>>> print(open('upload_2.tsv').read())   # TSV, C-alpha atoms
chain	number	residue	atom	x	y	z
A	1	MET	CA	123.30	67.61	85.57
A	2	SER	CA	123.27	67.48	81.86
A	3	VAL	CA	123.65	69.80	78.90
A	4	ARG	CA	122.95	68.92	75.27
A	5	VAL	CA	123.08	70.90	72.04
A	6	GLN	CA	121.43	69.10	69.14
A	7	GLU	CA	119.65	69.55	65.84
A	8	ALA	CA	116.90	66.99	66.51
A	9	ALA	CA	113.64	67.78	68.32
A	10	PHE	CA	113.21	66.53	71.87
A	11	ASP	CA	110.39	64.78	73.72
A	12	VAL	CA	109.55	66.62	76.93
A	13	ALA	CA	108.14	63.53	78.70
A	14	VAL	CA	111.21	61.43	77.90
A	15	GLU	CA	113.56	64.22	79.01
A	16	MET	CA	111.68	64.66	82.29
A	17	ALA	CA	111.67	60.93	83.06
A	18	GLU	CA	115.41	60.71	82.36
A	19	THR	CA	116.13	63.78	84.49
A	20	THR	CA	114.20	62.67	87.57
A	21	GLY	CA	115.52	59.12	87.08
A	22	GLY	CA	113.23	57.64	89.73
A	23	ASP	CA	114.72	59.81	92.49
A	24	THR	CA	111.87	59.87	95.00
A	25	SER	CA	113.46	62.65	97.06
A	26	ILE	CA	112.38	65.02	94.28
A	27	GLY	CA	109.20	66.84	95.29
A	28	GLY	CA	108.94	69.30	92.42
A	29	VAL	CA	109.97	69.73	88.81
A	30	ALA	CA	109.96	73.13	87.10
A	31	MET	CA	110.30	73.14	83.36
A	32	PHE	CA	110.53	75.75	80.62
A	33	VAL	CA	110.06	74.96	76.94
A	34	GLY	CA	110.76	77.68	74.37
A	35	LEU	CA	108.90	77.42	71.06
A	36	VAL	CA	109.34	79.03	67.65
A	37	ARG	CA	106.84	81.89	67.40
A	38	ASP	CA	105.43	82.94	64.04
A	39	LEU	CA	104.76	86.55	64.94
A	40	ASP	CA	107.32	88.67	66.73
A	41	PRO	CA	105.51	91.27	68.85
A	42	HIS	CA	108.78	93.09	69.52
A	43	ALA	CA	109.54	93.64	65.86
A	44	ASP	CA	107.29	95.04	63.15
A	45	ALA	CA	104.91	92.07	63.23
A	46	LYS	CA	106.23	90.25	60.18
A	47	THR	CA	105.18	86.63	59.89
A	48	VAL	CA	108.00	84.21	60.57
A	49	SER	CA	107.90	81.07	58.41
A	50	ALA	CA	111.05	79.48	59.86
A	51	LEU	CA	113.84	80.12	62.31
A	52	THR	CA	117.46	79.04	61.99
A	53	LEU	CA	119.72	78.91	65.03
A	54	GLU	CA	123.46	79.22	64.62
A	55	HIS	CA	125.81	78.55	67.53
A	56	TYR	CA	129.47	78.40	68.50
A	57	PRO	CA	130.24	74.67	68.94
A	58	GLY	CA	132.48	74.16	71.94
A	59	MET	CA	131.85	77.53	73.56
A	60	THR	CA	128.09	76.85	73.65
A	61	GLU	CA	128.52	73.69	75.70
A	62	ARG	CA	131.06	75.38	77.99
A	63	GLN	CA	128.74	78.30	78.64
A	64	LEU	CA	125.72	76.08	79.30
A	65	GLU	CA	127.74	73.89	81.66
A	66	SER	CA	128.99	76.91	83.56
A	67	ILE	CA	125.47	78.37	83.84
A	68	GLU	CA	124.19	75.02	85.08
A	69	ALA	CA	127.03	74.77	87.63
A	70	GLU	CA	126.10	78.25	88.91
A	71	ALA	CA	122.47	77.17	89.42
A	72	LEU	CA	123.57	74.03	91.28
A	73	GLN	CA	125.69	76.18	93.57
A	74	ARG	CA	122.87	78.65	94.31
A	75	TRP	CA	119.91	76.30	94.81
A	76	PRO	CA	119.45	72.84	96.39
A	77	LEU	CA	118.71	70.97	93.15
A	78	ALA	CA	118.46	67.19	92.84
A	79	ALA	CA	118.79	67.23	89.04
A	80	THR	CA	118.93	69.66	86.12
A	81	ARG	CA	118.87	69.41	82.36
A	82	ILE	CA	119.37	71.89	79.52
A	83	VAL	CA	118.65	70.91	75.91
A	84	HIS	CA	119.08	73.54	73.19
A	85	ARG	CA	118.51	72.97	69.49
A	86	HIS	CA	120.30	74.50	66.52
A	87	GLY	CA	119.54	74.46	62.81
A	88	ARG	CA	116.24	75.17	61.04
A	89	MET	CA	112.90	75.05	62.88
A	90	GLU	CA	109.32	75.93	62.01
A	91	PRO	CA	106.73	77.78	64.13
A	92	GLY	CA	105.45	75.63	66.99
A	93	GLU	CA	108.61	73.52	67.21
A	94	PRO	CA	110.49	73.42	70.53
A	95	ILE	CA	113.82	75.28	70.64
A	96	VAL	CA	114.99	74.98	74.22
A	97	LEU	CA	114.21	72.93	77.32
A	98	VAL	CA	115.25	73.62	80.90
A	99	ILE	CA	114.34	71.19	83.69
A	100	CYS	CA	115.04	71.77	87.39
A	101	CYS	CA	114.22	69.20	90.08
A	102	SER	CA	114.28	69.84	93.79
A	103	ALA	CA	112.74	68.66	97.04
A	104	HIS	CA	110.57	71.81	97.12
A	105	ARG	CA	109.10	74.03	94.45
A	106	GLU	CA	110.79	77.35	95.29
A	107	ALA	CA	114.26	76.18	94.30
A	108	ALA	CA	112.95	74.50	91.15
A	109	PHE	CA	110.99	77.59	90.01
A	110	GLU	CA	113.78	80.05	90.77
A	111	ALA	CA	116.58	77.97	89.25
A	112	CYS	CA	114.53	77.40	86.09
A	113	ALA	CA	113.95	81.15	85.62
A	114	PHE	CA	117.60	81.85	86.40
A	115	LEU	CA	118.84	79.30	83.85
A	116	MET	CA	116.64	80.71	81.10
A	117	ASP	CA	117.58	84.33	81.88
A	118	TRP	CA	121.28	83.57	81.92
A	119	LEU	CA	121.11	81.28	78.91
A	120	LYS	CA	119.46	84.01	76.83
A	121	THR	CA	122.24	86.49	77.52
A	122	LYS	CA	125.32	84.22	77.80
A	123	ALA	CA	124.96	81.17	75.55
A	124	PRO	CA	126.36	81.86	72.06
A	125	PHE	CA	123.31	81.24	69.87
A	126	TRP	CA	121.99	83.54	67.15
A	127	LYS	CA	118.56	83.41	65.52
A	128	VAL	CA	117.80	84.34	61.95
A	129	GLU	CA	114.12	84.49	60.97
A	130	ASP	CA	112.67	83.84	57.53
A	131	THR	CA	110.04	86.56	57.12
A	132	ASP	CA	107.84	87.87	54.30
A	133	ASP	CA	110.65	90.38	53.62
A	134	GLY	CA	113.42	87.77	53.61
A	135	PRO	CA	115.84	86.61	56.31
A	136	ARG	CA	116.36	88.85	59.32
A	137	TRP	CA	118.79	88.46	62.25
A	138	VAL	CA	116.96	88.69	65.56
A	139	GLU	CA	118.32	91.53	67.69
A	140	ALA	CA	119.21	91.16	71.36
A	141	ARG	CA	116.65	92.75	73.69
A	142	ALA	CA	117.43	95.08	76.59
A	143	ALA	CA	114.63	93.34	78.53
A	144	ASP	CA	116.63	90.10	78.40
A	145	ASP	CA	119.69	91.85	79.84
A	146	ALA	CA	117.52	93.31	82.60
A	147	ALA	CA	116.05	89.87	83.36
A	148	ALA	CA	119.56	88.39	83.64
A	149	ASP	CA	120.77	91.30	85.80
A	150	ARG	CA	118.22	90.56	88.51
A	151	TRP	CA	120.19	87.41	89.34
A	152	ALA	CA	123.47	89.29	89.81
A	153	LYS	CA	124.86	88.74	93.29
A	154	PRO	CA	125.22	91.87	95.43
A	155	GLU	CA	128.99	91.39	95.68
A	156	CYS	CA	129.34	91.19	91.86
B	1	MET	CA	145.76	82.87	65.18
B	2	LYS	CA	142.43	81.16	64.60
B	3	LEU	CA	139.56	83.58	63.94
B	4	LYS	CA	135.88	82.75	64.03
B	5	TYR	CA	132.92	84.84	62.92
B	6	PHE	CA	129.24	84.19	63.63
B	7	ALA	CA	125.82	85.43	62.48
B	8	TRP	CA	125.91	88.72	60.49
B	9	VAL	CA	129.58	89.24	61.34
B	10	ARG	CA	130.25	85.97	59.47
B	11	GLN	CA	128.12	87.07	56.53
B	12	ARG	CA	129.90	90.41	56.21
B	13	ALA	CA	133.34	88.87	56.72
B	14	GLY	CA	132.53	86.38	53.94
B	15	THR	CA	133.79	83.41	55.96
B	16	GLY	CA	133.07	81.61	59.24
B	17	SER	CA	136.68	81.00	60.18
B	18	GLU	CA	140.22	81.70	59.05
B	19	THR	CA	143.74	81.22	60.31
B	20	VAL	CA	145.94	84.30	60.10
B	21	ASP	CA	149.47	85.41	60.91
B	22	VAL	CA	148.96	88.51	62.96
B	23	PRO	CA	151.67	91.21	62.94
B	24	PRO	CA	153.65	91.38	66.21
B	25	GLU	CA	152.36	94.88	67.05
B	26	VAL	CA	148.84	93.44	67.49
B	27	SER	CA	148.56	92.60	71.19
B	28	THR	CA	144.92	93.31	72.15
B	29	VAL	CA	141.47	92.54	70.77
B	30	ALA	CA	141.03	96.22	69.82
B	31	GLU	CA	144.32	96.20	67.89
B	32	LEU	CA	143.32	92.95	66.19
B	33	VAL	CA	140.05	94.53	65.04
B	34	GLY	CA	141.94	97.55	63.70
B	35	TRP	CA	144.21	95.24	61.70
B	36	LEU	CA	141.30	93.09	60.47
B	37	ARG	CA	139.48	96.18	59.15
B	38	SER	CA	142.39	96.83	56.78
B	39	ARG	CA	142.36	93.30	55.38
B	40	SER	CA	139.21	93.37	53.22
B	41	PRO	CA	136.16	95.53	52.48
B	42	GLY	CA	133.96	92.79	54.01
B	43	LEU	CA	135.89	92.82	57.28
B	44	ALA	CA	135.89	96.63	57.27
B	45	GLU	CA	132.08	96.51	56.98
B	46	ALA	CA	131.78	93.76	59.61
B	47	PHE	CA	133.76	95.81	62.13
B	48	GLN	CA	132.33	99.22	61.25
B	49	ASP	CA	130.30	99.47	64.47
B	50	THR	CA	132.12	97.58	67.20
B	51	THR	CA	129.52	98.52	69.84
B	52	ALA	CA	127.33	95.84	68.19
B	53	ILE	CA	130.02	93.15	68.41
B	54	ARG	CA	131.09	90.85	71.23
B	55	CYS	CA	134.38	88.97	71.48
B	56	ALA	CA	135.51	85.68	72.99
B	57	VAL	CA	139.13	84.58	73.35
B	58	ASN	CA	139.57	80.82	73.71
B	59	GLN	CA	135.78	80.53	74.14
B	60	THR	CA	135.54	82.98	77.05
B	61	TYR	CA	133.91	86.43	76.77
B	62	VAL	CA	136.45	89.25	76.95
B	63	GLU	CA	136.58	93.05	76.69
B	64	TRP	CA	138.38	94.94	73.92
B	65	ASP	CA	141.54	95.54	75.93
B	66	HIS	CA	142.07	91.79	76.49
B	67	PRO	CA	145.43	90.50	75.20
B	68	VAL	CA	145.60	88.19	72.18
B	69	ALA	CA	148.41	85.81	71.23
B	70	GLN	CA	149.33	83.83	68.12
B	71	ASN	CA	147.88	80.53	69.42
B	72	ASP	CA	144.54	81.99	70.54
B	73	GLU	CA	141.13	81.27	69.09
B	74	VAL	CA	139.39	84.64	68.79
B	75	ALA	CA	135.69	84.86	67.92
B	76	PHE	CA	133.56	87.87	66.96
B	77	PHE	CA	129.78	87.90	66.94
B	78	PRO	CA	126.69	90.03	67.66
B	79	PRO	CA	124.98	89.96	71.09
B	80	VAL	CA	123.50	86.49	71.57
B	81	THR	CA	119.82	85.72	70.88
B	82	GLY	CA	119.28	82.10	71.91
B	83	GLY	CA	116.67	80.58	74.18
>>> encode(input="upload_2.tsv", output="structure tokens")
Amino acid sequence: MSVRVQEAAFDVAVEMAETTGGDTSIGGVAMFVGLVRDLDPHADAKTVSALTLEHYPGMTERQLESIEAEALQRWPLAATRIVHRHGRMEPGEPIVLVICCSAHREAAFEACAFLMDWLKTKAPFWKVEDTDDGPRWVEARAADDAAADRWAKPEC
Amino acid sequence: MKLKYFAWVRQRAGTGSETVDVPPEVSTVAELVGWLRSRSPGLAEAFQDTTAIRCAVNQTYVEWDHPVAQNDEVAFFPPVTGG
């Protein structure tokens, strides 16, 4: 149950140890780590030398907390963690980390996918890439909206 | 009213935030955008295509017919691309 937005890099092993916190009722941990990619296959294949993430301080944390609360309501999770970076990053660096712990793997896998899909369409972050042709704002993808939509509840 | 702009909306607006006195006839997000367009060429350019812009009032996503009031924090930005 924790959300952090920070400029510094994170250590996946440390984050996982802190999240599980010695809780031996946890039988499975699902984790997603997003990295800066140097070639964008969805664009016109320009090489990306750096990525800068801008965000909306205040609203970002509120959105992430509300997304996390939704996951905790939908799945039996023992612990969760979301860490998202902002600022300038180079290819290979980690951008985002989502950790979901549960007694069994299904809840951990599903909640982890849900958190990433919702985060990508609801958390107020914007990426600008440094390319060979100069800086370029990354455009939102319809595929991300479709991925988030699959978690919509029937009554919504 | 406190206004915030992010990403390319911020670049076109020429600022990331400003505090403005909005005329009393402005009561919705759509009316606010109409008024902002008349304030500077940068804002006119930023709000040229509103289909590419999202809005949040007091840090919650809203639609264009949502009411706005003098004490609100209103933010405009492109669709998000985090993760």
>>> closest_atom_pairs(input="upload_2.tsv", of="chain A", to="chain B", cutoff="6 Å", atoms="all atoms listed in the file", output="CSV")
residue,atom,partner,partner_atom,distance
A:Met59,CA,B:Gln59,CA,5.0
A:Val96,CA,B:Gly83,CA,5.8
A:Lys120,CA,B:Gly83,CA,5.2
A:Pro124,CA,B:Val80,CA,5.5
A:Phe125,CA,B:Gly82,CA,4.6
A:Trp126,CA,B:Thr81,CA,4.8
A:Lys127,CA,B:Thr81,CA,6.0
A:Ala140,CA,B:Thr81,CA,5.5
>>> residues_around(input="upload_2.tsv", residues="Ser27 in chain B", least_positions_apart="6", cutoff="10 Å", atoms="all atoms listed in the file", output="ChimeraX atom specification")
/B:65-70
>>> closest_residue(input="upload_2.tsv", among="B:Ala46, B:Met1, B:Ile53, B:Pro41", to="Val26 in chain B", atoms="all atoms listed in the file")
B:Met1
>>> atom_distance(input="upload_2.tsv", atom1="CA of Ser17 in chain B", atom2="CA of Arg141 in chain A")
26.9 Å
>>> closest_residue(input="upload_2.tsv", among="A:Phe32, A:Trp75, A:Trp137, A:Trp151", to="Ala111 in chain A", atoms="all atoms listed in the file")
A:Trp75
>>> atom_distance(input="upload_2.tsv", atom1="CA of Val128 in chain A", atom2="CA of Gln48 in chain B")
20.8 Å
>>> closest_residue(input="upload_2.tsv", among="B:Leu3, B:Val20, B:Val74, B:Ala30", to="Thr50 in chain B", atoms="all atoms listed in the file")
B:Ala30
>>> decode(input="upload_2.tsv", residues="range 20-134 of chain A", atoms="C-alpha atoms", output="compact mmCIF listing (two decimals), in the first residue's frame")
# COMPACT_ATOMS: atom_id res chain seq x y z
CA THR A 20 6.70 -8.05 1.20
CA GLY A 21 8.07 -6.97 4.60
CA GLY A 22 8.56 -10.54 5.81
CA ASP A 23 4.84 -11.35 5.48
CA THR A 24 4.94 -15.13 5.11
CA SER A 25 1.29 -15.34 4.07
CA ILE A 26 2.42 -13.98 0.69
CA GLY A 27 2.72 -16.82 -1.81
CA GLY A 28 3.37 -14.83 -4.97
CA VAL A 29 4.77 -11.51 -6.12
CA ALA A 30 4.06 -10.12 -9.59
CA MET A 31 6.17 -7.21 -10.70
CA PHE A 32 6.37 -4.95 -13.73
CA VAL A 33 9.33 -2.70 -14.47
CA GLY A 34 9.08 -0.23 -17.36
CA LEU A 35 12.36 0.81 -18.99
CA VAL A 36 13.37 3.64 -21.31
CA ARG A 37 13.51 2.22 -24.84
CA ASP A 38 15.88 3.69 -27.43
CA LEU A 39 13.84 2.77 -30.48
CA ASP A 40 10.12 3.40 -30.66
CA PRO A 41 8.54 0.77 -32.90
CA HIS A 42 5.24 2.67 -32.91
CA ALA A 43 6.77 5.84 -34.28
CA ASP A 44 9.05 6.28 -37.28
CA ALA A 45 11.94 4.39 -35.69
CA LYS A 46 13.99 7.40 -34.61
CA THR A 47 16.67 6.67 -32.05
CA VAL A 48 15.84 8.03 -28.61
CA SER A 49 18.87 9.33 -26.70
CA ALA A 50 16.94 10.41 -23.59
CA LEU A 51 13.44 10.65 -22.20
CA THR A 52 12.07 13.35 -19.91
CA LEU A 53 8.93 12.76 -17.88
CA GLU A 54 6.81 15.68 -16.78
CA HIS A 55 3.98 15.21 -14.29
CA TYR A 56 1.30 17.07 -12.37
CA PRO A 57 2.50 17.10 -8.73
CA GLY A 58 -0.40 16.49 -6.39
CA MET A 59 -2.78 15.07 -8.98
CA THR A 60 -0.26 12.35 -9.90
CA GLU A 61 -0.14 11.01 -6.34
CA ARG A 62 -3.93 11.25 -6.00
CA GLN A 63 -4.49 9.32 -9.21
CA LEU A 64 -1.96 6.62 -8.32
CA GLU A 65 -3.47 6.22 -4.85
CA SER A 66 -6.95 5.91 -6.29
CA ILE A 67 -5.81 3.33 -8.87
CA GLU A 68 -4.07 1.37 -6.11
CA ALA A 69 -7.20 1.53 -3.92
CA GLU A 70 -9.25 0.15 -6.83
CA ALA A 71 -6.85 -2.81 -7.21
CA LEU A 72 -7.02 -3.54 -3.47
CA GLN A 73 -10.81 -3.58 -3.69
CA ARG A 74 -10.87 -5.94 -6.69
CA TRP A 75 -8.22 -8.49 -5.71
CA PRO A 76 -7.13 -10.12 -2.42
CA LEU A 77 -3.72 -8.44 -2.21
CA ALA A 78 -1.41 -8.59 0.81
CA ALA A 79 0.72 -5.65 -0.34
CA THR A 80 1.17 -3.34 -3.33
CA ARG A 81 3.66 -0.71 -4.39
CA ILE A 82 3.83 1.80 -7.24
CA VAL A 83 7.00 3.82 -7.89
CA HIS A 84 7.05 6.19 -10.87
CA ARG A 85 9.97 8.41 -11.83
CA HIS A 86 9.96 11.86 -13.40
CA GLY A 87 12.72 13.97 -14.90
CA ARG A 88 15.39 12.97 -17.42
CA MET A 89 16.29 9.31 -18.06
CA GLU A 90 18.48 7.48 -20.55
CA PRO A 91 17.74 4.25 -22.46
CA GLY A 92 17.84 1.21 -20.20
CA GLU A 93 16.94 3.15 -17.06
CA PRO A 94 13.83 2.09 -15.11
CA ILE A 95 10.83 4.44 -15.31
CA VAL A 96 8.09 2.68 -13.40
CA LEU A 97 7.70 -0.18 -10.94
CA VAL A 98 4.51 -1.96 -9.92
CA ILE A 99 4.59 -4.73 -7.30
CA CYS A 100 1.59 -6.84 -6.28
CA CYS A 101 1.75 -9.48 -3.53
CA SER A 102 -0.91 -12.05 -2.82
CA ALA A 103 -1.39 -15.50 -1.36
CA HIS A 104 -1.80 -16.91 -4.89
CA ARG A 105 -0.43 -15.91 -8.26
CA GLU A 106 -3.68 -15.15 -10.13
CA ALA A 107 -4.52 -12.08 -8.06
CA ALA A 108 -0.92 -10.84 -8.20
CA PHE A 109 -0.66 -11.24 -12.01
CA GLU A 110 -4.06 -9.70 -12.73
CA ALA A 111 -3.69 -6.76 -10.32
CA CYS A 112 -0.23 -5.97 -11.71
CA ALA A 113 -1.55 -5.84 -15.30
CA PHE A 114 -4.55 -3.81 -14.16
CA LEU A 115 -2.39 -1.26 -12.34
CA MET A 116 -0.12 -0.76 -15.34
CA ASP A 117 -3.03 -0.47 -17.79
CA TRP A 118 -4.85 2.05 -15.63
CA LEU A 119 -1.70 3.96 -14.75
CA LYS A 120 -0.86 4.43 -18.43
CA THR A 121 -4.22 6.02 -19.19
CA LYS A 122 -5.02 7.85 -15.92
CA ALA A 123 -1.83 9.04 -14.21
CA PRO A 124 -0.87 12.54 -15.39
CA PHE A 125 2.60 11.94 -16.82
CA TRP A 126 3.87 13.08 -20.22
CA LYS A 127 6.97 11.84 -22.03
CA VAL A 128 9.14 13.90 -24.31
CA GLU A 129 11.84 12.04 -26.25
CA ASP A 130 15.16 13.44 -27.43
CA THR A 131 15.54 12.04 -30.94
CA ASP A 132 17.91 12.58 -33.88
CA ASP A 133 15.37 15.18 -35.11
CA GLY A 134 15.10 16.98 -31.77
